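Visitor: Okay, here's the structure, questions in a sec.
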Number of protein chains: 2
Amino acid sequence: MNIKYINIYNEMAAEIEKGELIPRSKLPSENELMQRYDVSRDTIRKALDLLAKNGYIQKIKGKGSIVLDINKFDFPVSGLVSFKELAQKMEKKPETVLVTLQLIKPDEMLAEQLHVSKNDEVWKVIRVRKIENENIILDKDFINKKIVPTLTEEICLDSIYEHIENTLGLQISFAKKEITVEKATKEDKKHLDLDSCNMVVVVKNYVYLSDATLFQYTESRHRTDKFRFVDFARRSY
Amino acid sequence: MNIKYINIYNEMAAEIEKGELIPRSKLPSENELMQRYDVSRDTIRKALDLLAKNGYIQKIKGKGSIVLDINKFDFPVSGLVSFKELAQKMEKKPETVLVTLQLIKPDEMLAEQLHVSKNDEVWKVIRVRKIENENIILDKDFINKKIVPTLTEEICLDSIYEHIENTLGLQISFAKKEITVEKATKEDKKHLDLDSCNMVVVVKNYVYLSDATLFQYTESRHRTDKFRFVDFARRSY
DNA sequence: CAGTGGTCTAGACCACGGT
DNA sequence: CCGTGGTCTAGACCACTGA
C-alpha cells in the first residue's frame with residue numbers, strides 16, 4: 001500500500017503491540033508526529049483515528065493521546081476470535097475436515113438470505129473444525145456461484161477468504177453477524193463432540209464485498225464451552 | 001451539538017431510517033451534497049464516513065455511495081441488543097427488580113478488573129430484568145466509588161448510565177465486551193427462570209470514560225433462549 | 001472523456017487542560 | 001498563557017467507473 005496514513009497506522013500499531021510504546025503513556029503530539037513522519041496534520045489525524053477506532057489509543061482533547069493497554073484488553077482484533085486464532089492461542093494445531101462441497105439450488109429461505117433467485121446456483125460447503133482431536137465447530141458456508149465460479153477441495157481446506165481476495169481479487173468489505181444459542185440439531189450431534197447439554201452457539205454471518213453485493217452466508221456452530229467472542233466498541237453518536 | 005458533520009450525519013441517517021432515501025439507490029455525490037448543505041467537501045466526507053461506519057451506506061470509488069438496506073440488516077445500532085431494546089422489540093413492558101445495592105471492598109479479582117486498590121470502595125448493584133413476568137437477565141454491576149460517589153435505589157431502577165452522563169456530566173467513551181456461555185451458578189438459578197439446561201450467556205463489559213479511566217465492570221447473565229447479539233463490522237486494515 | 005470517491009496539503013479558528 | 005486535539009475550509013492530484 002502506498003497510502004501514507006495507513007502506513008503510519010501500521011507502524012504505530014506494531015510499536016504498540018510490541019510494547020515499544022508503553023500503555024498509559026502519552027503519544028507524541030500531532031504536531032510532533034507531523035514533523036517526525038513529514039506529513040500534514042490531516043494525515044496524522046487519519047492514522048490516529050484508525051488507532052483509536054481499533055482500540056489502540058484514546059485521544060483526549062487538550063491533553064494528548066494515550067496508549068491503551070491492549071493486553072489487559074485481551075485483544076479483540078477481528079471481533080470474533082475465529083477458529084484459527086482460537087487454535088493459535090491454545091497453541092494447538094487446528095484441523096479441518098471437509099464434509100460437503102457441492103452446488104445446490106437454494107431453497108426459499110437461503111435464496112432470500114443470499115439475495116439470489118431460486119434458479120441460481122449456490123456453493124454449499126460444510127466443514128468441521130477440530131482441536132486436539134475434538135470436533136469443536138461446524139461451519140456451513142453458502143456462496144453465490146455468480147461471484148465465485150469455482151471452488152475446490154484444496155481451497156476449502158485452506159482458506160476460502162484468501163482465495164477470494166488473492167486469486168479472484170475481490171475485496172471483502174463488511175459483514176453483519178448475529179449470535180444466538182440454540183438447541184443442537186441432528187446434524188450438530190452427528191459432526192460435533194457435544195456434552196450432555198446439547199446446546200450450540202450459532203454465529204450467522206452475512207459477508208459483503210466492497211461494491212455492497214452479498215456474496216456469502218455463513219453459519220458457524222460452536223460447542224458452547226469453546227466459544228468466546230470479544231469486541232471493542234466505541235461510542236458513535 | 002453545533003458540529004456540522006454530525007448534524008449532517010444525523011439528518012441523513014434519519015432520512016435513511018425513515019425510508020426517504022431508498023435502499024440500493026445512489027446518494028447524491030459529494031459535490032452535490034457540498035452545495036446542498038453549504039459546507040466543504042471534507043465536512044461532507046466526515047458525515048459520510050460516519051454513515052458508512054455505522055452501516056447506513058457503502059461508498060464505492062468511481063461510482064458513488066449507495067444506501068444499504070438497514071431493515072434487511074435487522075439493525076444492530078449499539079452492538080448489543082440491550083434489555084431495553086429487547087423489550088421494546090417484543091413490545092412488552094420491561095421490569096427491573098433491584099436485588100442488591102451496597103458498597104463493598106473488592107476482592108482481589110474485582111480489584112484487578114476495576115483497576116482499583118483493595119482499600120477502595122466499590123458499588124455493587126445486582127438487578128433482575130423481567131419480561132412478561134419471567135426473569136430473563138441478571139445484571140451485576142461494579143462501579144468505582146471514586147467516580148460515582150452516590151447511587152440510590154431510584155437511579156438503579158431507572159438508568160445508571162443516564163445518571164452518569166446527564167447528572168454527573170461524565171462521557172462514556174468505549175467498552176470492551178466478552179461473550180461466553182457458562183454453567184449457571186446458584187445465584188443464577190436463584191434469580192432467573194432457567195430451563196432444564198442450566199446454561200447462561202455471560203456478557204462481561206468493561207466500560208471506560210473519555211479520559212480512558214475504567215469506571216464500571218458489568219456482568220450480564222442472560223437466559224440462553226432470550227439472548228441475541230447483532231453486530232455490524234467493517235474491515236479496517 | 002467527465003464524474004466519482006480517495007488521498008494529501010496548508011492554514012484557520014475553536015474548546016479544552018494545565019501553567 | 002501556551003499546547004493540545006477538534007472542526008472547518010479550499011484547493012490539489014490521483015485512481016477508478018462508465019459512457
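Each chain in the C-alpha cells gets a letter, A, B, ..., in the order shown, and its residues are numbered from 1; ligands are numbered from 1 in order too.
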Report as JSON lines: every residue of chain A with an atom at most 10 Å from chain C, its closest pair of atoms, and their distance in Å to one decimal, counting only C-alpha atoms (C1' of nucleotides), with rows sorted by chain and ascending residue number.
Guide:
```
{"residue": "A:Ile3", "atom": "CA", "partner": "C:DT7", "partner_atom": "C1'", "distance": 7.4}
{"residue": "A:Lys4", "atom": "CA", "partner": "C:DT7", "partner_atom": "C1'", "distance": 8.4}
{"residue": "A:Tyr5", "atom": "CA", "partner": "C:DT7", "partner_atom": "C1'", "distance": 9.0}
{"residue": "A:Val39", "atom": "CA", "partner": "C:DC8", "partner_atom": "C1'", "distance": 8.4}
{"residue": "A:Ser40", "atom": "CA", "partner": "C:DT9", "partner_atom": "C1'", "distance": 6.2}
{"residue": "A:Arg41", "atom": "CA", "partner": "C:DT9", "partner_atom": "C1'", "distance": 8.8}
{"residue": "A:Asp42", "atom": "CA", "partner": "C:DC8", "partner_atom": "C1'", "distance": 7.9}
{"residue": "A:Thr43", "atom": "CA", "partner": "C:DC8", "partner_atom": "C1'", "distance": 7.1}
{"residue": "A:Ile60", "atom": "CA", "partner": "C:DC16", "partner_atom": "C1'", "distance": 9.3}
{"residue": "A:Lys61", "atom": "CA", "partner": "C:DC16", "partner_atom": "C1'", "distance": 6.1}
{"residue": "A:Gly62", "atom": "CA", "partner": "C:DC16", "partner_atom": "C1'", "distance": 4.8}
{"residue": "A:Lys63", "atom": "CA", "partner": "C:DG17", "partner_atom": "C1'", "distance": 6.0}
{"residue": "A:Gly64", "atom": "CA", "partner": "C:DG17", "partner_atom": "C1'", "distance": 9.7}
```
Visitor: For the selection just defined, write its residues with all heavy atoms to a file, as a compact mmCIF listing (two decimals), in the first residue's frame.
Guide:
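Saved the output as out.txt:
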```txt
# COMPACT_ATOMS: atom_id res chain seq x y z
N ILE A 3 -0.42 4.19 0.79
CA ILE A 3 -1.23 5.20 1.46
C ILE A 3 -0.57 5.58 2.77
O ILE A 3 -0.37 4.75 3.65
CB ILE A 3 -2.66 4.68 1.69
CG1 ILE A 3 -3.29 4.36 0.33
CG2 ILE A 3 -3.49 5.70 2.42
CD1 ILE A 3 -4.53 3.53 0.41
N LYS A 4 -0.23 6.86 2.87
CA LYS A 4 0.59 7.30 3.99
C LYS A 4 -0.05 7.02 5.34
O LYS A 4 0.61 6.50 6.24
CB LYS A 4 0.85 8.81 3.87
CG LYS A 4 1.81 9.18 2.76
CD LYS A 4 2.19 10.66 2.87
CE LYS A 4 2.89 11.14 1.62
NZ LYS A 4 3.16 12.59 1.69
N TYR A 5 -1.33 7.39 5.48
CA TYR A 5 -1.87 7.29 6.83
C TYR A 5 -2.02 5.84 7.27
O TYR A 5 -1.92 5.53 8.46
CB TYR A 5 -3.19 8.07 6.96
CG TYR A 5 -4.41 7.45 6.34
CD1 TYR A 5 -5.19 6.54 7.04
CD2 TYR A 5 -4.83 7.80 5.05
CE1 TYR A 5 -6.33 5.99 6.48
CE2 TYR A 5 -5.95 7.26 4.50
CZ TYR A 5 -6.71 6.37 5.22
OH TYR A 5 -7.84 5.83 4.66
N VAL A 39 4.58 14.65 7.21
CA VAL A 39 3.29 14.69 6.51
C VAL A 39 2.46 15.82 7.13
O VAL A 39 2.87 16.44 8.11
CB VAL A 39 2.53 13.37 6.66
CG1 VAL A 39 3.24 12.23 5.96
CG2 VAL A 39 2.29 13.03 8.13
N SER A 40 1.29 16.04 6.55
CA SER A 40 0.42 17.09 7.07
C SER A 40 -0.32 16.59 8.32
O SER A 40 -0.35 15.40 8.60
CB SER A 40 -0.60 17.50 6.02
OG SER A 40 -1.57 16.48 5.89
N ARG A 41 -0.90 17.52 9.02
CA ARG A 41 -1.60 17.14 10.25
C ARG A 41 -2.78 16.22 9.95
O ARG A 41 -3.06 15.29 10.69
CB ARG A 41 -2.10 18.41 10.96
CG ARG A 41 -2.75 18.10 12.27
CD ARG A 41 -2.86 19.32 13.15
NE ARG A 41 -3.72 19.01 14.28
CZ ARG A 41 -4.77 19.73 14.63
NH1 ARG A 41 -5.07 20.82 13.97
NH2 ARG A 41 -5.51 19.37 15.65
N ASP A 42 -3.47 16.49 8.85
CA ASP A 42 -4.62 15.68 8.48
C ASP A 42 -4.24 14.22 8.33
O ASP A 42 -4.98 13.32 8.75
CB ASP A 42 -5.21 16.20 7.16
CG ASP A 42 -6.65 15.80 7.00
OD1 ASP A 42 -7.44 16.12 7.90
OD2 ASP A 42 -6.97 15.14 5.99
N THR A 43 -3.11 13.98 7.75
CA THR A 43 -2.67 12.60 7.53
C THR A 43 -2.39 11.91 8.87
O THR A 43 -2.78 10.76 9.10
CB THR A 43 -1.41 12.58 6.65
OG1 THR A 43 -1.75 13.22 5.41
CG2 THR A 43 -0.95 11.17 6.37
N ILE A 60 -7.53 12.51 24.00
CA ILE A 60 -8.20 13.36 24.98
C ILE A 60 -7.93 14.82 24.64
O ILE A 60 -6.77 15.25 24.58
CB ILE A 60 -7.69 13.05 26.40
CG1 ILE A 60 -7.88 11.56 26.70
CG2 ILE A 60 -8.44 13.89 27.42
CD1 ILE A 60 -7.21 11.11 27.98
N LYS A 61 -9.01 15.53 24.42
CA LYS A 61 -8.91 16.92 23.97
C LYS A 61 -8.13 17.76 24.99
O LYS A 61 -8.35 17.66 26.18
CB LYS A 61 -10.30 17.50 23.78
CG LYS A 61 -10.32 18.78 22.97
CD LYS A 61 -11.62 19.53 23.09
CE LYS A 61 -12.80 18.74 22.52
NZ LYS A 61 -13.99 19.59 22.34
N GLY A 62 -7.24 18.57 24.52
CA GLY A 62 -6.50 19.46 25.40
C GLY A 62 -5.32 18.81 26.09
O GLY A 62 -4.50 19.49 26.68
N LYS A 63 -5.28 17.49 26.05
CA LYS A 63 -4.19 16.80 26.74
C LYS A 63 -3.25 16.07 25.78
O LYS A 63 -2.06 16.35 25.73
CB LYS A 63 -4.75 15.78 27.74
CG LYS A 63 -5.28 16.40 29.01
CD LYS A 63 -5.92 15.35 29.88
CE LYS A 63 -5.19 15.10 31.17
NZ LYS A 63 -5.94 14.21 32.07
N GLY A 64 -3.82 15.17 25.03
CA GLY A 64 -2.98 14.37 24.14
C GLY A 64 -3.59 12.99 23.95
O GLY A 64 -4.70 12.74 24.39
```
Visitor: Select, as a PyMOL selection string, those residues of chain D with any atom no more than 10 Å from chain A (distances computed using only C-alpha atoms (C1' of nucleotides)).
Guide: chain D and resi 3-6
Visitor: Which residues of chain A sit at most 7 Å from chain B, using only C-alpha atoms? Give each one's shortest atom pair and distance in Å (one decimal place), in chain and ascending residue order, as JSON lines.
Guide:
```
{"residue": "A:Gln58", "atom": "CA", "partner": "B:Ala212", "partner_atom": "CA", "distance": 6.5}
{"residue": "A:Ile60", "atom": "CA", "partner": "B:Asp211", "partner_atom": "CA", "distance": 6.1}
{"residue": "A:Ser173", "atom": "CA", "partner": "B:Arg235", "partner_atom": "CA", "distance": 5.5}
{"residue": "A:Phe174", "atom": "CA", "partner": "B:Arg234", "partner_atom": "CA", "distance": 4.3}
{"residue": "A:Ala175", "atom": "CA", "partner": "B:Ala233", "partner_atom": "CA", "distance": 5.4}
{"residue": "A:Lys176", "atom": "CA", "partner": "B:Phe232", "partner_atom": "CA", "distance": 4.6}
{"residue": "A:Lys177", "atom": "CA", "partner": "B:Asp231", "partner_atom": "CA", "distance": 5.0}
{"residue": "A:Glu178", "atom": "CA", "partner": "B:Val230", "partner_atom": "CA", "distance": 4.5}
{"residue": "A:Ile179", "atom": "CA", "partner": "B:Phe229", "partner_atom": "CA", "distance": 5.0}
{"residue": "A:Thr180", "atom": "CA", "partner": "B:Arg228", "partner_atom": "CA", "distance": 5.0}
{"residue": "A:Val181", "atom": "CA", "partner": "B:Thr224", "partner_atom": "CA", "distance": 5.8}
{"residue": "A:Cys197", "atom": "CA", "partner": "B:Cys197", "partner_atom": "CA", "distance": 6.1}
{"residue": "A:Ser210", "atom": "CA", "partner": "B:Ile60", "partner_atom": "CA", "distance": 7.0}
{"residue": "A:Asp211", "atom": "CA", "partner": "B:Ile60", "partner_atom": "CA", "distance": 6.0}
{"residue": "A:Ala212", "atom": "CA", "partner": "B:Gln58", "partner_atom": "CA", "distance": 6.4}
{"residue": "A:Thr224", "atom": "CA", "partner": "B:Val181", "partner_atom": "CA", "distance": 5.7}
{"residue": "A:Asp225", "atom": "CA", "partner": "B:Val181", "partner_atom": "CA", "distance": 6.6}
{"residue": "A:Phe227", "atom": "CA", "partner": "B:Thr180", "partner_atom": "CA", "distance": 6.1}
{"residue": "A:Arg228", "atom": "CA", "partner": "B:Thr180", "partner_atom": "CA", "distance": 5.0}
{"residue": "A:Phe229", "atom": "CA", "partner": "B:Ile179", "partner_atom": "CA", "distance": 5.0}
{"residue": "A:Val230", "atom": "CA", "partner": "B:Glu178", "partner_atom": "CA", "distance": 4.5}
{"residue": "A:Asp231", "atom": "CA", "partner": "B:Lys177", "partner_atom": "CA", "distance": 5.0}
{"residue": "A:Phe232", "atom": "CA", "partner": "B:Lys176", "partner_atom": "CA", "distance": 4.6}
{"residue": "A:Ala233", "atom": "CA", "partner": "B:Ala175", "partner_atom": "CA", "distance": 5.4}
{"residue": "A:Arg234", "atom": "CA", "partner": "B:Phe174", "partner_atom": "CA", "distance": 4.3}
{"residue": "A:Arg235", "atom": "CA", "partner": "B:Ser173", "partner_atom": "CA", "distance": 5.5}
```
Visitor: Write out as a ChimeraX atom specification all residues of range 103-230 of chain B that DSSP puts in helix (DSSP H, G or I) for this structure's backbone.
Guide: /B:108-114,153-157,160-167,186-191,224-226
Visitor: Have a look at CA of Glu32 in chain B and CA of Asp49 in chain A and let me know their distance in Å, one decimal.
Guide: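 One can read the CA of Glu32 in chain B to CA of Asp49 in chain A distance as 26.4 Å.
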Visitor: So how far away is C1' of DT17 in chain D from CA of Leu170 in chain A, in Å?
Guide: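 Interatomic distance here is 16.2 Å.
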Visitor: I need the residues of chain A that end up classed as strand (DSSP E) by DSSP on the backbone, written out as a count of residues only.
Guide: 79
Visitor: What is the CA of Ala13 in chain A-CA of Tyr37 in chain A distance in Å, reported with one decimal?
Guide: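 These two atoms are separated by 14.8 Å.
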Visitor: Neighbours of range 186-188 of chain B within 8 Å (only C-alpha atoms (C1' of nucleotides); same-chain residues fewer than 4 positions away dropped), as a list of chain:residue names?
Guide: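 Near neighbours after the sequence-gap exclusion: B:Leu138, B:Leu192, B:Arg221.
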Visitor: Excluding Val97 in chain A and its own-chain neighbours fewer than 5 positions away, which residues fall within 12 Å of it when counting only C-alpha atoms (C1' of nucleotides)? Please give them as a list in words.
Guide: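 Contacts, with the query itself left out: Val125, Ile126, Arg127, Val128, Arg129, Lys130, Ile131, Asn133, Glu134, Asn135, Ile136, Ile137, Leu138, Asp139, Glu153, Glu154, Cys156, Leu157, Asp158, His191 and Leu192 of chain A.
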